[in-house]
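As provided, final.pdb (PDB, C-alpha atoms) reads as follows.
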```pdb
MODEL        1
ATOM      1  CA  MET A 235       0.000   0.000   0.000
ATOM      2  CA  ASP A 236       1.025   3.603  -0.619
ATOM      3  CA  ALA A 237       2.783   5.458   2.159
ATOM      4  CA  THR A 238       0.871   8.702   1.507
ATOM      5  CA  ARG A 239      -0.031  10.454   4.744
ATOM      6  CA  PHE A 240      -3.664  10.539   5.843
ATOM      7  CA  GLY A 241      -5.348  12.949   8.203
ATOM      8  CA  PRO A 242      -8.785  14.185   9.301
ATOM      9  CA  ALA A 243     -10.915  16.479   7.156
ATOM     10  CA  THR A 244     -14.350  17.955   7.807
ATOM     11  CA  VAL A 245     -17.110  18.011   5.219
ATOM     12  CA  ARG A 246     -17.687  21.770   4.882
ATOM     13  CA  ALA A 247     -20.426  21.767   2.249
ATOM     14  CA  VAL A 248     -22.352  19.430  -0.029
ATOM     15  CA  ARG A 249     -24.425  20.444  -3.036
ATOM     16  CA  PRO A 250     -25.774  18.924  -6.263
ATOM     17  CA  VAL A 251     -24.013  20.036  -9.451
ATOM     18  CA  ALA A 252     -25.716  17.738 -11.970
ATOM     19  CA  GLU A 253     -28.104  14.818 -12.135
ATOM     20  CA  ARG A 254     -26.887  12.257  -9.544
ATOM     21  CA  VAL A 255     -23.665  14.247  -8.985
ATOM     22  CA  ARG A 256     -22.767  15.882  -5.660
ATOM     23  CA  LEU A 257     -19.935  18.322  -5.042
ATOM     24  CA  VAL A 258     -18.305  17.793  -1.638
ATOM     25  CA  GLU A 259     -15.962  20.315  -0.024
ATOM     26  CA  LEU A 260     -13.465  18.740   2.392
ATOM     27  CA  GLU A 261     -11.480  20.974   4.740
ATOM     28  CA  PRO A 262      -8.340  19.205   6.062
ATOM     29  CA  HIS A 263      -7.646  19.923   9.721
ATOM     30  CA  GLY A 264      -4.009  20.592   8.878
ATOM     31  CA  GLY A 265      -4.867  22.924   6.009
ATOM     32  CA  ALA A 266      -5.319  22.266   2.291
ATOM     33  CA  ARG A 267      -2.117  21.946   0.271
ATOM     34  CA  SER A 268      -1.535  23.122  -3.288
ATOM     35  CA  TYR A 269      -1.488  20.253  -5.772
ATOM     36  CA  PRO A 270      -0.477  19.447  -9.369
ATOM     37  CA  THR A 271      -2.934  19.108 -12.239
ATOM     38  CA  GLY A 272      -4.832  15.830 -12.423
ATOM     39  CA  ALA A 273      -4.443  15.277  -8.669
ATOM     40  CA  HIS A 274      -6.716  13.114  -6.548
ATOM     41  CA  ILE A 275      -7.185  12.304  -2.894
ATOM     42  CA  ASP A 276      -7.938   8.971  -1.283
ATOM     43  CA  VAL A 277     -10.850   8.878   1.143
ATOM     44  CA  ALA A 278     -10.929   6.196   3.851
ATOM     45  CA  LEU A 279     -14.342   4.515   4.040
ATOM     46  CA  THR A 280     -15.862   1.428   5.619
ATOM     47  CA  ILE A 281     -17.517  -0.643   2.905
ATOM     48  CA  ALA A 282     -19.280  -3.943   3.569
ATOM     49  CA  GLY A 283     -17.862  -3.837   7.097
ATOM     50  CA  LEU A 284     -14.258  -3.618   5.906
ATOM     51  CA  PRO A 285     -11.878  -0.641   5.862
ATOM     52  CA  ASP A 286     -11.350   0.539   2.301
ATOM     53  CA  THR A 287     -10.359   3.609   0.323
ATOM     54  CA  ARG A 288     -11.749   5.356  -2.748
ATOM     55  CA  SER A 289      -9.883   7.808  -4.957
ATOM     56  CA  TYR A 290     -11.567  10.996  -6.177
ATOM     57  CA  SER A 291     -10.138  13.592  -8.556
ATOM     58  CA  LEU A 292      -9.860  17.128  -7.245
ATOM     59  CA  VAL A 293     -11.983  19.715  -9.036
ATOM     60  CA  GLY A 294     -10.121  22.871 -10.018
ATOM     61  CA  ASP A 295      -6.426  23.700 -10.153
ATOM     62  CA  ARG A 296      -6.184  24.865  -6.529
ATOM     63  CA  PRO A 297      -8.011  24.488  -3.189
ATOM     64  CA  ALA A 298     -11.242  26.479  -2.820
ATOM     65  CA  ASP A 299     -10.920  28.734   0.234
ATOM     66  CA  GLY A 300      -8.887  26.135   2.101
ATOM     67  CA  ALA A 301     -10.904  23.086   1.018
ATOM     68  CA  TYR A 302     -10.523  20.297  -1.503
ATOM     69  CA  ARG A 303     -13.467  19.784  -3.853
ATOM     70  CA  ILE A 304     -14.538  16.407  -5.226
ATOM     71  CA  ALA A 305     -17.535  15.649  -7.448
ATOM     72  CA  VAL A 306     -18.988  12.146  -7.155
ATOM     73  CA  LYS A 307     -21.642  10.536  -9.325
ATOM     74  CA  LEU A 308     -24.028   8.020  -7.793
ATOM     75  CA  LEU A 309     -23.402   4.958  -9.940
ATOM     76  CA  PRO A 310     -25.978   2.202 -10.524
ATOM     77  CA  ASP A 311     -23.202  -0.409 -10.210
ATOM     78  CA  SER A 312     -21.463   1.347  -7.321
ATOM     79  CA  ARG A 313     -18.900  -0.647  -5.355
ATOM     80  CA  GLY A 314     -20.126   1.213  -2.292
ATOM     81  CA  GLY A 315     -18.072   4.402  -2.407
ATOM     82  CA  SER A 316     -20.448   6.672  -4.314
ATOM     83  CA  VAL A 317     -23.386   5.570  -2.149
ATOM     84  CA  LEU A 318     -21.526   6.539   1.024
ATOM     85  CA  VAL A 319     -20.347   9.861  -0.384
ATOM     86  CA  HIS A 320     -23.904  10.759  -1.373
ATOM     87  CA  GLN A 321     -24.932  10.207   2.248
ATOM     88  CA  LEU A 322     -22.381  12.681   3.635
ATOM     89  CA  GLU A 323     -23.596  15.737   5.522
ATOM     90  CA  PRO A 324     -21.772  18.942   6.522
ATOM     91  CA  GLY A 325     -19.838  18.432   9.752
ATOM     92  CA  THR A 326     -18.915  14.802   9.058
ATOM     93  CA  VAL A 327     -15.230  14.088   9.705
ATOM     94  CA  LEU A 328     -13.438  11.782   7.271
ATOM     95  CA  THR A 329      -9.880  10.569   6.899
ATOM     96  CA  VAL A 330      -8.300  11.687   3.626
ATOM     97  CA  SER A 331      -4.874  11.505   2.034
ATOM     98  CA  GLU A 332      -2.686  14.314   0.817
ATOM     99  CA  PRO A 333      -3.169  15.039  -2.907
ATOM    100  CA  ARG A 334      -1.076  13.221  -5.467
ATOM    101  CA  SER A 335      -1.244  12.957  -9.252
ATOM    102  CA  HIS A 336      -0.714  10.181 -11.785
ATOM    103  CA  PHE A 337      -2.320  12.344 -14.486
ATOM    104  CA  GLU A 338      -0.249  15.518 -14.436
ATOM    105  CA  LEU A 339       0.008  17.917 -17.375
ATOM    106  CA  ALA A 340       3.343  18.114 -19.169
ATOM    107  CA  TYR A 341       3.807  21.787 -19.998
ATOM    108  CA  GLY A 342       5.591  23.060 -23.094
ATOM    109  CA  ARG A 343       3.679  21.117 -25.758
ATOM    110  CA  PRO A 344       2.537  23.007 -28.863
ATOM    111  CA  GLU A 345      -1.111  21.991 -28.426
ATOM    112  CA  TYR A 346      -3.376  20.066 -26.054
ATOM    113  CA  LEU A 347      -6.630  18.160 -26.487
ATOM    114  CA  LEU A 348      -8.707  17.364 -23.399
ATOM    115  CA  VAL A 349     -11.523  14.816 -23.761
ATOM    116  CA  ALA A 350     -14.055  14.123 -20.992
ATOM    117  CA  GLY A 351     -16.917  11.665 -20.787
ATOM    118  CA  GLY A 352     -19.524  12.364 -18.085
ATOM    119  CA  ILE A 353     -18.062  12.566 -14.577
ATOM    120  CA  GLY A 354     -14.640  12.184 -16.211
ATOM    121  CA  ILE A 355     -14.683  15.970 -16.440
ATOM    122  CA  THR A 356     -13.498  16.275 -12.822
ATOM    123  CA  PRO A 357      -9.694  16.192 -13.349
ATOM    124  CA  LEU A 358      -9.946  18.120 -16.623
ATOM    125  CA  VAL A 359     -11.531  21.210 -15.046
ATOM    126  CA  GLY A 360      -8.243  22.055 -13.325
ATOM    127  CA  MET A 361      -6.251  21.233 -16.463
ATOM    128  CA  ALA A 362      -8.362  23.636 -18.532
ATOM    129  CA  GLN A 363      -7.993  26.358 -15.893
ATOM    130  CA  SER A 364      -4.226  25.865 -15.764
ATOM    131  CA  LEU A 365      -3.755  25.816 -19.549
ATOM    132  CA  LEU A 366      -5.869  28.947 -19.880
ATOM    133  CA  ARG A 367      -3.849  30.736 -17.199
ATOM    134  CA  HIS A 368      -0.580  29.778 -18.904
ATOM    135  CA  GLY A 369      -1.833  30.848 -22.325
ATOM    136  CA  ARG A 370      -1.375  27.432 -23.930
ATOM    137  CA  PRO A 371      -3.395  26.393 -27.032
ATOM    138  CA  PHE A 372      -5.965  23.743 -26.141
ATOM    139  CA  ARG A 373      -9.502  22.498 -26.660
ATOM    140  CA  LEU A 374     -11.832  20.624 -24.325
ATOM    141  CA  LEU A 375     -14.365  18.124 -25.702
ATOM    142  CA  TYR A 376     -17.025  17.211 -23.133
ATOM    143  CA  ALA A 377     -19.588  14.468 -23.817
ATOM    144  CA  ALA A 378     -22.478  13.057 -21.782
ATOM    145  CA  ARG A 379     -25.877  11.479 -22.336
ATOM    146  CA  SER A 380     -27.651  14.764 -21.593
ATOM    147  CA  ARG A 381     -26.926  18.325 -20.469
ATOM    148  CA  ALA A 382     -28.473  17.483 -17.084
ATOM    149  CA  GLU A 383     -25.637  14.978 -16.517
ATOM    150  CA  MET A 384     -22.838  17.490 -17.212
ATOM    151  CA  PRO A 385     -21.426  19.035 -14.018
ATOM    152  CA  PHE A 386     -19.570  22.340 -14.446
ATOM    153  CA  ALA A 387     -20.734  22.766 -18.080
ATOM    154  CA  GLY A 388     -22.071  26.269 -17.445
ATOM    155  CA  GLU A 389     -19.002  27.614 -15.689
ATOM    156  CA  LEU A 390     -16.716  26.003 -18.273
ATOM    157  CA  GLN A 391     -18.655  27.656 -21.095
ATOM    158  CA  ALA A 392     -18.290  31.034 -19.424
ATOM    159  CA  LEU A 393     -14.575  30.467 -18.807
ATOM    160  CA  LEU A 394     -13.459  28.808 -22.044
ATOM    161  CA  GLY A 395     -15.756  30.128 -24.766
ATOM    162  CA  ASP A 396     -15.083  28.445 -28.111
ATOM    163  CA  ARG A 397     -12.286  26.331 -26.625
ATOM    164  CA  LEU A 398     -15.075  24.123 -25.242
ATOM    165  CA  GLN A 399     -17.271  21.807 -27.321
ATOM    166  CA  LEU A 400     -20.234  20.113 -25.632
ATOM    167  CA  TYR A 401     -21.778  16.873 -26.860
ATOM    168  CA  ALA A 402     -24.933  16.428 -24.801
ATOM    169  CA  GLY A 403     -26.512  13.387 -26.418
ATOM    170  CA  GLU A 404     -27.957  15.147 -29.467
ATOM    171  CA  PRO A 405     -28.918  12.747 -32.292
ATOM    172  CA  GLY A 406     -26.130  12.475 -34.832
ATOM    173  CA  ARG A 407     -23.690  14.516 -32.759
ATOM    174  CA  ARG A 408     -20.902  12.502 -31.196
ATOM    175  CA  VAL A 409     -17.242  13.107 -30.500
ATOM    176  CA  ASP A 410     -15.194  12.112 -33.558
ATOM    177  CA  LEU A 411     -12.209  10.817 -31.607
ATOM    178  CA  VAL A 412     -10.314   9.669 -34.702
ATOM    179  CA  GLY A 413     -10.738  13.000 -36.452
ATOM    180  CA  GLU A 414     -10.057  15.097 -33.347
ATOM    181  CA  LEU A 415      -6.884  13.209 -32.468
ATOM    182  CA  ALA A 416      -5.697  13.349 -36.080
ATOM    183  CA  ALA A 417      -6.196  17.141 -36.092
ATOM    184  CA  LEU A 418      -4.014  17.555 -32.989
ATOM    185  CA  HIS A 419      -0.510  18.894 -33.576
ATOM    186  CA  PRO A 420       1.895  15.941 -34.162
ATOM    187  CA  GLU A 421       3.854  16.922 -31.046
ATOM    188  CA  GLY A 422       0.724  17.719 -29.032
ATOM    189  CA  GLU A 423      -0.703  15.743 -26.136
ATOM    190  CA  ALA A 424      -4.163  14.334 -25.472
ATOM    191  CA  TYR A 425      -5.651  13.795 -22.002
ATOM    192  CA  VAL A 426      -8.725  11.562 -21.822
ATOM    193  CA  CYS A 427     -10.921  10.704 -18.841
ATOM    194  CA  GLY A 428     -14.218   8.916 -19.196
ATOM    195  CA  PRO A 429     -15.902   5.536 -19.608
ATOM    196  CA  LEU A 430     -13.820   2.498 -20.460
ATOM    197  CA  ARG A 431     -15.185   2.381 -24.019
ATOM    198  CA  MET A 432     -14.089   5.968 -24.648
ATOM    199  CA  MET A 433     -10.587   5.278 -23.387
ATOM    200  CA  ASP A 434     -10.307   2.074 -25.415
ATOM    201  CA  ALA A 435     -11.390   3.994 -28.532
ATOM    202  CA  ALA A 436      -8.817   6.714 -27.836
ATOM    203  CA  ARG A 437      -6.040   4.141 -27.455
ATOM    204  CA  LEU A 438      -6.938   2.436 -30.733
ATOM    205  CA  ALA A 439      -7.209   5.737 -32.621
ATOM    206  CA  TRP A 440      -3.904   6.995 -31.201
ATOM    207  CA  ALA A 441      -2.103   3.772 -32.139
ATOM    208  CA  ALA A 442      -3.588   3.861 -35.659
ATOM    209  CA  LEU A 443      -2.208   7.384 -36.098
ATOM    210  CA  GLY A 444       1.261   6.144 -35.152
ATOM    211  CA  ARG A 445       1.630   8.790 -32.441
ATOM    212  CA  GLU A 446       4.105   8.562 -29.566
ATOM    213  CA  PRO A 447       2.321   6.419 -26.917
ATOM    214  CA  THR A 448       3.431   8.617 -24.016
ATOM    215  CA  ARG A 449       1.658  11.631 -25.547
ATOM    216  CA  LEU A 450      -1.742  10.054 -24.869
ATOM    217  CA  ARG A 451      -2.641  10.188 -21.186
ATOM    218  CA  ILE A 452      -5.726   8.485 -19.807
ATOM    219  CA  GLU A 453      -7.386   8.452 -16.402
ATOM    220  CA  THR A 454     -10.186   6.196 -15.233
ATOM    221  CA  PHE A 455     -12.931   7.818 -13.141
ATOM    222  CA  GLY A 456     -14.332   4.570 -11.836
ATOM    223  CA  SER A 457     -14.755   0.939 -12.718
ATOM    224  CA  GLY A 458     -17.301   0.894 -15.531
ATOM    225  CA  GLY A 459     -17.282  -2.305 -17.534
ATOM    226  CA  ARG A 460     -18.859  -3.847 -20.581
ATOM    227  CA  PHE A 461     -21.447  -5.859 -18.643
ATOM    228  CA  ALA A 462     -23.947  -5.220 -15.865
ATOM    229  CA  VAL A 463     -22.655  -6.265 -12.455
ATOM    230  CA  GLU A 464     -23.925  -9.463 -10.873
ATOM    231  CA  PRO A 465     -22.791 -11.802  -8.094
ATOM    232  CA  PHE A 466     -20.234 -14.452  -8.985
ATOM    233  CA  VAL A 467     -17.906 -16.968  -7.338
ATOM    234  CA  VAL A 468     -14.113 -16.868  -7.322
ATOM    235  CA  ARG A 469     -12.381 -20.169  -6.693
ATOM    236  CA  VAL A 470      -8.978 -19.581  -5.101
ATOM    237  CA  ARG A 471      -6.912 -22.560  -6.191
ATOM    238  CA  ASP A 472      -3.930 -21.945  -3.919
ATOM    239  CA  HIS A 473      -6.194 -21.550  -0.851
ATOM    240  CA  ARG A 474      -8.546 -24.384  -1.867
ATOM    241  CA  ARG A 475     -11.685 -22.393  -1.213
ATOM    242  CA  ASP A 476     -14.568 -20.636  -2.970
ATOM    243  CA  VAL A 477     -15.396 -17.000  -2.207
ATOM    244  CA  ALA A 478     -18.724 -15.407  -3.124
ATOM    245  CA  VAL A 479     -18.480 -11.884  -4.562
ATOM    246  CA  GLY A 480     -21.591  -9.764  -4.106
ATOM    247  CA  GLU A 481     -23.147  -7.454  -6.653
ATOM    248  CA  HIS A 482     -21.904  -4.321  -4.894
ATOM    249  CA  GLU A 483     -18.475  -5.460  -3.691
ATOM    250  CA  THR A 484     -15.187  -5.946  -5.436
ATOM    251  CA  MET A 485     -13.402  -9.245  -5.825
ATOM    252  CA  LEU A 486     -10.532  -7.769  -3.809
ATOM    253  CA  ALA A 487     -12.846  -6.834  -0.923
ATOM    254  CA  ALA A 488     -14.478 -10.274  -0.951
ATOM    255  CA  LEU A 489     -11.080 -11.996  -0.943
ATOM    256  CA  ARG A 490      -9.787  -9.839   1.907
ATOM    257  CA  GLY A 491     -12.980 -10.456   3.865
ATOM    258  CA  ALA A 492     -12.445 -14.198   3.447
ATOM    259  CA  GLY A 493      -8.861 -13.970   4.693
ATOM    260  CA  VAL A 494      -7.232 -14.314   1.267
ATOM    261  CA  GLU A 495      -4.401 -11.779   1.095
ATOM    262  CA  VAL A 496      -3.775 -10.007  -2.203
ATOM    263  CA  MET A 497      -1.363  -7.117  -2.714
ATOM    264  CA  TRP A 498      -3.036  -3.855  -3.743
ATOM    265  CA  ASP A 499      -2.497  -0.118  -4.025
ATOM    266  CA  CYS A 500      -4.510   2.170  -6.329
ATOM    267  CA  LEU A 501      -7.938   0.455  -6.116
ATOM    268  CA  ARG A 502      -8.721   1.950  -9.534
ATOM    269  CA  GLY A 503      -7.363  -0.669 -11.925
ATOM    270  CA  GLU A 504      -4.331   1.409 -12.833
ATOM    271  CA  CYS A 505      -1.264   0.008 -11.063
ATOM    272  CA  GLY A 506      -1.692  -3.747 -11.632
ATOM    273  CA  LEU A 507      -0.407  -4.673  -8.179
ATOM    274  CA  CYS A 508      -3.577  -6.660  -7.361
ATOM    275  CA  ALA A 509      -3.519  -8.684 -10.588
ATOM    276  CA  VAL A 510      -3.854 -12.462 -10.150
ATOM    277  CA  SER A 511      -3.472 -15.409 -12.501
ATOM    278  CA  VAL A 512      -6.656 -16.759 -14.076
ATOM    279  CA  CYS A 513      -6.682 -20.557 -14.237
ATOM    280  CA  ARG A 514     -10.189 -21.217 -15.568
ATOM    281  CA  VAL A 515     -13.362 -19.296 -16.404
ATOM    282  CA  GLU A 516     -16.948 -20.473 -16.546
ATOM    283  CA  GLY A 517     -18.653 -17.488 -18.147
ATOM    284  CA  THR A 518     -17.033 -14.197 -19.171
ATOM    285  CA  LEU A 519     -14.367 -11.955 -17.695
ATOM    286  CA  ASP A 520     -15.325  -8.290 -17.421
ATOM    287  CA  HIS A 521     -12.017  -6.408 -17.431
ATOM    288  CA  ARG A 522     -12.583  -2.967 -15.892
ATOM    289  CA  ASP A 523      -8.952  -1.939 -15.457
ATOM    290  CA  VAL A 524      -6.722   0.281 -17.551
ATOM    291  CA  PHE A 525      -3.537  -1.604 -16.644
ATOM    292  CA  LEU A 526      -3.744  -4.688 -18.862
ATOM    293  CA  SER A 527      -3.243  -4.320 -22.594
ATOM    294  CA  GLU A 528      -5.985  -5.267 -25.033
ATOM    295  CA  ALA A 529      -3.978  -8.379 -25.952
ATOM    296  CA  GLU A 530      -3.715  -9.401 -22.281
ATOM    297  CA  ARG A 531      -7.452  -8.921 -21.826
ATOM    298  CA  GLU A 532      -8.166 -11.082 -24.864
ATOM    299  CA  GLU A 533      -5.763 -13.731 -23.562
ATOM    300  CA  GLY A 534      -7.633 -13.777 -20.244
ATOM    301  CA  ARG A 535      -4.782 -15.028 -18.084
ATOM    302  CA  LYS A 536      -4.664 -12.055 -15.689
ATOM    303  CA  LEU A 537      -7.336 -10.160 -13.767
ATOM    304  CA  CYS A 538      -7.123  -6.989 -11.652
ATOM    305  CA  THR A 539      -9.120  -7.895  -8.555
ATOM    306  CA  CYS A 540      -9.764  -4.321  -7.405
ATOM    307  CA  VAL A 541     -12.186  -3.533 -10.235
ATOM    308  CA  SER A 542     -12.627  -6.450 -12.652
ATOM    309  CA  ARG A 543     -15.300  -9.129 -12.372
ATOM    310  CA  ALA A 544     -16.761 -12.297 -13.849
ATOM    311  CA  VAL A 545     -20.165 -12.580 -15.493
ATOM    312  CA  SER A 546     -22.503 -15.589 -15.535
ATOM    313  CA  GLY A 547     -20.341 -18.107 -13.795
ATOM    314  CA  LEU A 548     -17.174 -18.778 -11.873
ATOM    315  CA  VAL A 549     -13.556 -17.712 -12.203
ATOM    316  CA  GLU A 550     -10.726 -19.786 -10.770
ATOM    317  CA  ILE A 551      -7.601 -17.857  -9.789
ATOM    318  CA  ASP A 552      -4.163 -18.376  -8.295
ATOM    319  CA  THR A 553      -2.908 -15.549  -6.042
ATOM    320  CA  GLY A 554       0.638 -16.898  -5.898
ATOM    321  CA  TYR A 555       0.344 -17.867  -2.223
ATOM    322  CA  ARG A 556       2.560 -20.801  -1.262
ATOM    323  CA  PRO A 557       2.528 -22.054   2.363
TER     324      PRO A 557
ENDMDL
END
```
Would you mind writing the structure in this file as structure tokens?
Amino acid sequence: MDATRFGPATVRAVRPVAERVRLVELEPHGGARSYPTGAHIDVALTIAGLPDTRSYSLVGDRPADGAYRIAVKLLPDSRGGSVLVHQLEPGTVLTVSEPRSHFELAYGRPEYLLVAGGIGITPLVGMAQSLLRHGRPFRLLYAARSRAEMPFAGELQALLGDRLQLYAGEPGRRVDLVGELAALHPEGEAYVCGPLRMMDAARLAWAALGREPTRLRIETFGSGGRFAVEPFVVRVRDHRRDVAVGEHETMLAALRGAGVEVMWDCLRGECGLCAVSVCRVEGTLDHRDVFLSEAEREEGRKLCTCVSRAVSGLVEIDTGYRP
């Protein structure tokens, strides 16, 4: 686990900013620190009776009057975190980490393209503010099913003008990722945060253009997959036991609750530390990480337990434990 320091923070304010999206202001007792673009904080929660953490991107490029701001969407397939956050009230004290970023802007590029899908706008708000302040050429493409599901759309329109393009579910109007990425300066960078399908499409388009892989940066906002969540069973070969995984819990949480130790860190499907070997599958694997390559997903021999699942059956794994 990461050695980032945690400390208490008080919920200062809570308000809706879009359909099923709440903005939460958290005031650290030791004071809010400045942070790099794309930063997030980890929030300690108790989920299904077990201590856990959830990571939330910080909204804006600096603290708001001494508080961190996070925007959380209530997800139908929530792993428990968004439900708890939507129950928070002002005055509640939580334990939160110091900010850190795995999605930081690299300054000095000739052009930038920011692409957000739904609640994936959260880390890109601060990026847009920072690029605007530094006078860098950029555009922000922001897509969602409807305008009602687009937090911060109004304030971004007022701030960015024609640098912002909204795609609010109008018939025949969708983000042309291939065309937009192709139009980006050859030495420019693209930053994408949104649903798994959007990020997969961006990866494929970027590779087809033959662009430098490190110039495409992606960030997952959650654990959306290709299938609806449902309960399943994980058979742990090296522990000789079956563990039931509920509809609203992760495989990692179920394994830990059953006393099966698995290494972990990010809890967002990004670092790969919690990946286990897949021995056999009855049904389908639903890879919800951004760590494994498309070829590794197709091969189906690894699974990131913090976010990925099985559908319609059982998955047998080996954690590497040897007594």
For Glu528 in chain A, work out the shell of residues within 9 Å, counting all atoms listed in the file and skipping chain neighbours fewer than 4 positions away, then give it as a PyMOL selection string.
chain A and resi 434+532-533
Using all atoms listed in the file, which residues of range 400-495 of chain A come within 10 Å of range 506-518 of chain A, and what is the closest atom pair for each, with the distance in Å to one decimal? Give it as a tab-separated table, sorted by chain and residue number.
```
residue	atom	partner	partner_atom	distance
A:Phe461	CA	A:Thr518	CA	9.4
A:Phe466	CA	A:Gly517	CA	9.8
A:Val467	CA	A:Glu516	CA	9.9
A:Val468	CA	A:Val515	CA	9.4
A:Arg469	CA	A:Arg514	CA	9.2
A:Val470	CA	A:Cys513	CA	9.5
A:Arg471	CA	A:Cys513	CA	8.3
A:Leu486	CA	A:Cys508	CA	7.9
A:Glu495	CA	A:Cys508	CA	9.9
```
So that I can check the surroundings of Ala305 in chain A, please list as JSON, numbers by chain every protein, DNA and RNA residue that reaches within 9 Å of it, counting only C-alpha atoms and ignoring chain neighbours fewer than 4 positions away.
{"A": [250, 251, 255, 256, 257, 258, 259, 290, 291, 292, 293, 353, 356, 385]}
Computed interatomic separation between CA of Leu438 in chain A and CA of Arg460 in chain A (Å)
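Calculated distance between CA of Leu438 in chain A and CA of Arg460 in chain A is 16.9 Å.
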Would you write out, as a VMD selection string, every residue that the PyMOL selection byres ((chain A and resi 540-544) around 8) captures in this file?
chain A and resid 457 459 463 466 484 to 487 498 501 to 503 508 517 to 523 537 to 539 545 to 549
Distance in Å - CA of Asp410 in chain A versus CA of Leu375 in chain A
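Those two atoms sit 9.9 Å apart.
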Separation of CA of Pro357 in chain A from CA of Cys427 in chain A in Å:
7.9 Å
Run the PyMOL selection byres ((chain A and resi 287) around 6) on the file and write out the hits as a list in words.
Val277, Ala278, Leu279, Asp286 and Arg288 of chain A
Check what the PyMOL selection byres ((chain A and resi 360) around 9) selects in the file above and give those residues as a PDB file with C-alpha atoms, keeping the file's coordinate frame.
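Okay, selection_24.pdb is ready:
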```
ATOM      1  CA  THR A 271      -2.934  19.108 -12.239  1.00  0.00           C
ATOM      2  CA  GLY A 272      -4.832  15.830 -12.423  1.00  0.00           C
ATOM      3  CA  LEU A 292      -9.860  17.128  -7.245  1.00  0.00           C
ATOM      4  CA  VAL A 293     -11.983  19.715  -9.036  1.00  0.00           C
ATOM      5  CA  GLY A 294     -10.121  22.871 -10.018  1.00  0.00           C
ATOM      6  CA  ASP A 295      -6.426  23.700 -10.153  1.00  0.00           C
ATOM      7  CA  ARG A 296      -6.184  24.865  -6.529  1.00  0.00           C
ATOM      8  CA  THR A 356     -13.498  16.275 -12.822  1.00  0.00           C
ATOM      9  CA  PRO A 357      -9.694  16.192 -13.349  1.00  0.00           C
ATOM     10  CA  LEU A 358      -9.946  18.120 -16.623  1.00  0.00           C
ATOM     11  CA  VAL A 359     -11.531  21.210 -15.046  1.00  0.00           C
ATOM     12  CA  MET A 361      -6.251  21.233 -16.463  1.00  0.00           C
ATOM     13  CA  ALA A 362      -8.362  23.636 -18.532  1.00  0.00           C
ATOM     14  CA  GLN A 363      -7.993  26.358 -15.893  1.00  0.00           C
ATOM     15  CA  SER A 364      -4.226  25.865 -15.764  1.00  0.00           C
ATOM     16  CA  LEU A 365      -3.755  25.816 -19.549  1.00  0.00           C
TER      17      LEU A 365
END
```
